[in-house]
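For reference, the structure is listed below as structure tokens.
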Amino acid sequence: MARDLDSDLELLRTVRAHAERRDWERAGPLAEQALRDGFEHPLLFNVAATRLEQAERFDDAARLLERAVTIAPNDVGVRNALAMCLQRLDRPAEALSHLDELLRQHPELSFAHANRGNALIALGALGRARQSHLRALELEPGNFAAMAALASIATHRGEHEEARHWAERALAVVPGFPDAVLSLAAAELAGGGVARAETLLRELLADTRAAPSDRARAEGLLGDVLDADGRYADAFAAYTKSGEDYRAVHRRFATGTRALDYTRELTAALRRVAPQRWAARPSPAPNPDGVAGHVFLMGFPRSGTTLLEVLLDGHPRVASLEEHELLTEAVLRYMREPIDLAPLLEADDAELDALRAAYWKRVRDGGADVAGKVFIDKHPLNTLRLPLIDRLFPEAKVLFARRDPRDVVFGCFRRRFRMNAAMYELLTLQGAAEFYDAVMGFAEQVRPLLGLEWHEVRYESLLADLAQQTRAICEFIGIEWVAGMEDFASRVSMREHATPSTAQLARGLDRSGAEHWRHYQAQLERVLPTLRYWLDRLGYPA
């Protein structure tokens, strides 16, 4: 049946009028019924998707908006809405692709530059994110969201005075804006203003306008404030509440196979393979990019891998990419569920060479200039990729970070990482302890089977004698030690990506983090049965 044009236009006018007043209770049902009747229009998709997002049905909203972009690829509203929805689904790379396309069509859109910056922040690309937000401010000097984002970027880099500048500018426009309050509180904490920081955070937590994710971040930072004030029991309660709030925000990671279960299944798969099958060494890997050496830097989060990377990054013959996922194709080929490592051991040179090529393409796409240099692939949880690394790069070396398990587990519990299935495990103290035990258990079982050269670095030894440990690491990876490697603080703020360690490292070598677990000894008692083996195995006194 042909549609009546006048009726359709009247419907669109009515829906638009309700939407402009943010009256979704009236706009939504009209849009939804029209779509059911076969009337597809970008406005109707956008309004219906808004209602789905209000009900936290983000996957359904994304599907609607993807359809809208298909039928109206040049519509600014639906493409931007889709990008924002993908951000809420923790799919920032896909959001970025839509924002790039939007800006290709409309480079003058301030909000699109700001949203692009937020997607880049989620991807950890802080330098590029900063440029996007600065461009947003050029186009719209009053863009308070861009100001708050610039404050957040500076906070992650440990540049707290710059963060204060941007946060105060944003708050002058919109008092109480959560991102700006959080950055200002972090700046106060960094400057010793514990009482002021606590006041700011408690006011934010009392603000009914704060979103659940804002509350989760505020609770975590409040924990740091209380920790700095020596109120450790209260700090632990705040960290616990932060973890609970994050679990609610990211509860989709509780469905499907948990990272803990995957690690245990991987360990079981390893046991099913006869040890002698690992003895046959694969052919040397081709070196199409002229790499002088290849080192995988791993361990477990909060074990000191970022410190090791920034130390090595001060060497002119070292290149790194600051925690990129580079083994994606190999993981998808050989380590998907149900896990069976036999096909990996049976793979021929052609299969392995294709995956090696995909790896080095990702390195090039990441912007690393590796010709004539030692390439450092730093990713703590590449520990779980050791079978792949052994098959793909048999001549690579492994630099493995170790630290007191109590500091590692408590550090993972109190700090916040970019969320994924593995990081979701760290949102409770018990979850962090069990995941640590599973990952370290896998590493202990797989290491003797592999032919990879291996060097362990103990975090506490690194703090005690940085120069000697750095020289030993250089010797292991085949480069000469050079003066200035230990002067890393000035280099940290220039890094494109940030981890929870970045702001700390911007202050230089901080030995106060060693044995910080002792302030939480009573709370850690509950996970000591899980960690006892590792304390004994690694020689850390109880």
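Quick note on naming: the chains in the structure tokens go A, B, ... in the order shown, residues restart at 1 in each chain, and ligands are numbered from 1 in order of appearance.
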Legend entry - Residue contacts of range 41-44 of chain A (10 Å, only C-alpha atoms) excluding same-chain residues fewer than 3 positions away, as a ChimeraX atom specification: /A:8,11-12,15-16,19,27-35,38,47-50,64-65,67-73,75-79
Could the residues in this selection be written to a file with N, CA, C and O atoms, as a compact mmCIF listing (two decimals), in the first residue's frame?
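In the end it all went to selection_6.txt:
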```
# COMPACT_ATOMS: atom_id res chain seq x y z
N ASP A 8 2.58 11.28 6.52
CA ASP A 8 3.94 11.00 6.99
C ASP A 8 4.65 12.27 7.45
O ASP A 8 5.33 12.29 8.48
N LEU A 11 3.29 13.30 10.76
CA LEU A 11 3.83 12.44 11.83
C LEU A 11 5.25 12.87 12.20
O LEU A 11 5.59 12.99 13.38
N LEU A 12 6.07 13.13 11.19
CA LEU A 12 7.46 13.55 11.47
C LEU A 12 7.48 14.88 12.22
O LEU A 12 8.29 15.05 13.15
N VAL A 15 6.53 14.04 15.87
CA VAL A 15 7.61 13.36 16.58
C VAL A 15 8.76 14.32 16.87
O VAL A 15 9.31 14.34 17.98
N ARG A 16 9.10 15.15 15.87
CA ARG A 16 10.21 16.09 16.06
C ARG A 16 9.88 17.09 17.17
O ARG A 16 10.74 17.43 17.99
N ALA A 19 10.31 15.36 20.44
CA ALA A 19 11.73 15.07 20.69
C ALA A 19 12.49 16.33 21.08
O ALA A 19 13.36 16.29 21.97
N ALA A 27 7.02 10.95 22.04
CA ALA A 27 7.73 10.75 20.77
C ALA A 27 8.00 9.28 20.50
O ALA A 27 7.85 8.81 19.35
N GLY A 28 8.39 8.54 21.53
CA GLY A 28 8.81 7.16 21.35
C GLY A 28 7.75 6.25 20.76
O GLY A 28 8.00 5.59 19.73
N PRO A 29 6.59 6.14 21.37
CA PRO A 29 5.57 5.24 20.82
C PRO A 29 5.17 5.58 19.39
O PRO A 29 4.90 4.68 18.59
N LEU A 30 5.12 6.87 19.06
CA LEU A 30 4.78 7.25 17.69
C LEU A 30 5.84 6.75 16.71
O LEU A 30 5.52 6.21 15.64
N ALA A 31 7.12 6.94 17.08
CA ALA A 31 8.21 6.49 16.20
C ALA A 31 8.21 4.98 16.06
O ALA A 31 8.38 4.43 14.97
N GLU A 32 8.01 4.28 17.17
CA GLU A 32 8.05 2.82 17.15
C GLU A 32 6.93 2.24 16.29
O GLU A 32 7.12 1.30 15.52
N GLN A 33 5.75 2.83 16.42
CA GLN A 33 4.61 2.34 15.62
C GLN A 33 4.84 2.60 14.14
O GLN A 33 4.55 1.76 13.29
N ALA A 34 5.37 3.77 13.83
CA ALA A 34 5.63 4.10 12.43
C ALA A 34 6.64 3.12 11.81
O ALA A 34 6.47 2.68 10.67
N LEU A 35 7.67 2.77 12.57
CA LEU A 35 8.66 1.81 12.07
C LEU A 35 8.03 0.44 11.87
O LEU A 35 8.33 -0.26 10.89
N GLY A 38 6.32 0.14 8.70
CA GLY A 38 7.16 0.16 7.50
C GLY A 38 7.63 1.53 7.07
O GLY A 38 8.23 1.68 5.99
N VAL A 47 14.78 8.37 17.46
CA VAL A 47 13.90 8.46 18.62
C VAL A 47 13.67 7.08 19.23
O VAL A 47 13.73 6.90 20.46
N ALA A 48 13.40 6.09 18.39
CA ALA A 48 13.19 4.73 18.92
C ALA A 48 14.44 4.21 19.61
O ALA A 48 14.37 3.55 20.65
N ALA A 49 15.61 4.51 19.04
CA ALA A 49 16.87 4.07 19.65
C ALA A 49 17.09 4.76 20.99
O ALA A 49 17.61 4.14 21.94
N THR A 50 16.69 6.02 21.08
CA THR A 50 16.82 6.74 22.36
C THR A 50 16.03 6.04 23.45
O THR A 50 16.50 5.88 24.59
N LEU A 64 19.17 -0.77 15.48
CA LEU A 64 18.27 0.19 14.83
C LEU A 64 19.06 1.29 14.12
O LEU A 64 18.78 1.67 12.99
N LEU A 65 20.07 1.81 14.83
CA LEU A 65 20.84 2.92 14.27
C LEU A 65 21.71 2.48 13.09
O LEU A 65 21.95 3.26 12.17
N ARG A 67 20.78 0.28 10.95
CA ARG A 67 19.83 0.29 9.83
C ARG A 67 19.61 1.72 9.34
O ARG A 67 19.56 1.98 8.13
N ALA A 68 19.52 2.66 10.27
CA ALA A 68 19.30 4.06 9.90
C ALA A 68 20.47 4.60 9.08
O ALA A 68 20.26 5.30 8.08
N VAL A 69 21.69 4.25 9.48
CA VAL A 69 22.87 4.70 8.73
C VAL A 69 22.89 4.07 7.34
O VAL A 69 23.32 4.69 6.36
N THR A 70 22.42 2.84 7.25
CA THR A 70 22.38 2.17 5.94
C THR A 70 21.47 2.90 4.97
O THR A 70 21.80 3.10 3.79
N ILE A 71 20.30 3.33 5.45
CA ILE A 71 19.34 3.98 4.54
C ILE A 71 19.62 5.48 4.40
O ILE A 71 19.17 6.09 3.43
N ALA A 72 20.36 6.06 5.37
CA ALA A 72 20.64 7.50 5.32
C ALA A 72 22.09 7.75 5.74
O ALA A 72 22.35 8.30 6.81
N PRO A 73 23.05 7.34 4.92
CA PRO A 73 24.46 7.42 5.32
C PRO A 73 24.97 8.83 5.54
O PRO A 73 26.01 9.02 6.19
N ASP A 75 23.14 11.26 7.01
CA ASP A 75 22.40 11.92 8.09
C ASP A 75 23.30 12.08 9.31
O ASP A 75 23.79 11.10 9.87
N VAL A 76 23.50 13.32 9.70
CA VAL A 76 24.41 13.61 10.82
C VAL A 76 23.89 13.01 12.12
O VAL A 76 24.64 12.39 12.88
N GLY A 77 22.60 13.17 12.38
CA GLY A 77 22.05 12.74 13.67
C GLY A 77 22.19 11.26 13.93
O GLY A 77 22.61 10.85 15.01
N VAL A 78 21.84 10.44 12.94
CA VAL A 78 21.85 8.99 13.20
C VAL A 78 23.28 8.46 13.25
O VAL A 78 23.58 7.57 14.04
N ARG A 79 24.18 9.00 12.43
CA ARG A 79 25.57 8.49 12.49
C ARG A 79 26.21 8.87 13.82
O ARG A 79 26.92 8.07 14.43
```
Range 350-404 of chain A near range 517-534 of chain A within 12 Å: what's each residue's closest atom pair and its distance in Å to one decimal, counting only C-alpha atoms, ordered by chain then ascending residue number, as JSON lines?
```
{"residue": "A:Arg402", "atom": "CA", "partner": "A:Trp534", "partner_atom": "CA", "distance": 10.7}
{"residue": "A:Arg403", "atom": "CA", "partner": "A:Trp534", "partner_atom": "CA", "distance": 10.3}
{"residue": "A:Asp404", "atom": "CA", "partner": "A:Trp534", "partner_atom": "CA", "distance": 8.7}
```
Restricting it to N, CA and C atoms, dump the selection as a PDB file, in the first residue's frame.
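Written file, part-v4.pdb:
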```pdb
ATOM      1  N   ARG A 402      57.808  -9.697  37.715  1.00  0.00           N
ATOM      2  CA  ARG A 402      57.299 -10.305  38.947  1.00  0.00           C
ATOM      3  C   ARG A 402      57.218  -9.240  40.041  1.00  0.00           C
ATOM      4  N   ARG A 403      56.265  -9.409  40.932  1.00  0.00           N
ATOM      5  CA  ARG A 403      56.111  -8.490  42.066  1.00  0.00           C
ATOM      6  C   ARG A 403      55.402  -9.244  43.180  1.00  0.00           C
ATOM      7  N   ASP A 404      55.533  -8.767  44.383  1.00  0.00           N
ATOM      8  CA  ASP A 404      54.833  -9.393  45.514  1.00  0.00           C
ATOM      9  C   ASP A 404      53.361  -9.573  45.141  1.00  0.00           C
TER      10      ASP A 404
END
```
Under the rule of at most 10 Å, produce a per-residue listing of range 396-461 of chain A near range 287-308 of chain A: chain, number, name, the closest pair of atoms, and the distance in Å, as a Markdown table, using only C-alpha atoms.
```
| residue | atom | partner | partner_atom | distance |
| --- | --- | --- | --- | --- |
| A:Ala396 | CA | A:His294 | CA | 5.0 |
| A:Lys397 | CA | A:Val295 | CA | 4.7 |
| A:Val398 | CA | A:Phe296 | CA | 4.9 |
| A:Leu399 | CA | A:Leu297 | CA | 4.8 |
| A:Phe400 | CA | A:Met298 | CA | 5.2 |
| A:Ala401 | CA | A:Gly299 | CA | 4.9 |
| A:Arg402 | CA | A:Ser303 | CA | 5.6 |
| A:Arg403 | CA | A:Ser303 | CA | 5.2 |
| A:Asp404 | CA | A:Ser303 | CA | 8.1 |
| A:Pro405 | CA | A:Ser303 | CA | 8.5 |
| A:Asp407 | CA | A:Arg302 | CA | 8.0 |
| A:Val408 | CA | A:Arg302 | CA | 5.4 |
| A:Val409 | CA | A:Arg302 | CA | 8.0 |
| A:Phe410 | CA | A:Arg302 | CA | 9.1 |
| A:Gly411 | CA | A:Arg302 | CA | 6.2 |
| A:Cys412 | CA | A:Arg302 | CA | 6.3 |
| A:Phe413 | CA | A:Arg302 | CA | 9.9 |
| A:Arg415 | CA | A:Arg302 | CA | 8.9 |
| A:Phe417 | CA | A:Pro301 | CA | 9.4 |
| A:Met423 | CA | A:Pro301 | CA | 9.3 |
| A:Leu426 | CA | A:Pro301 | CA | 9.8 |
| A:Phe435 | CA | A:Phe300 | CA | 9.6 |
| A:Tyr436 | CA | A:Phe300 | CA | 7.2 |
| A:Val439 | CA | A:Phe300 | CA | 7.7 |
| A:Met440 | CA | A:Phe300 | CA | 7.9 |
| A:Ala443 | CA | A:Gly299 | CA | 8.7 |
| A:Glu453 | CA | A:Val295 | CA | 9.6 |
| A:Trp454 | CA | A:Phe296 | CA | 9.6 |
| A:His455 | CA | A:Leu297 | CA | 9.8 |
| A:Glu456 | CA | A:Gly299 | CA | 9.2 |
| A:Val457 | CA | A:Gly304 | CA | 8.8 |
| A:Arg458 | CA | A:Gly304 | CA | 8.4 |
| A:Tyr459 | CA | A:Gly304 | CA | 5.9 |
| A:Glu460 | CA | A:Gly304 | CA | 9.4 |
```
Legend entry - Residue contacts of Ala354 in chain A (12 Å, only C-alpha atoms) excluding same-chain residues fewer than 4 positions away, as a ChimeraX atom specification: /A:285-286,327,329-330,333,347-350,358-361,392
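Using only C-alpha atoms, the shortest contact distance between Asn46 in chain A and any of A:Ser461, A:Asn80, A:Ser320, A:Ser213 is found at A:Asn80.
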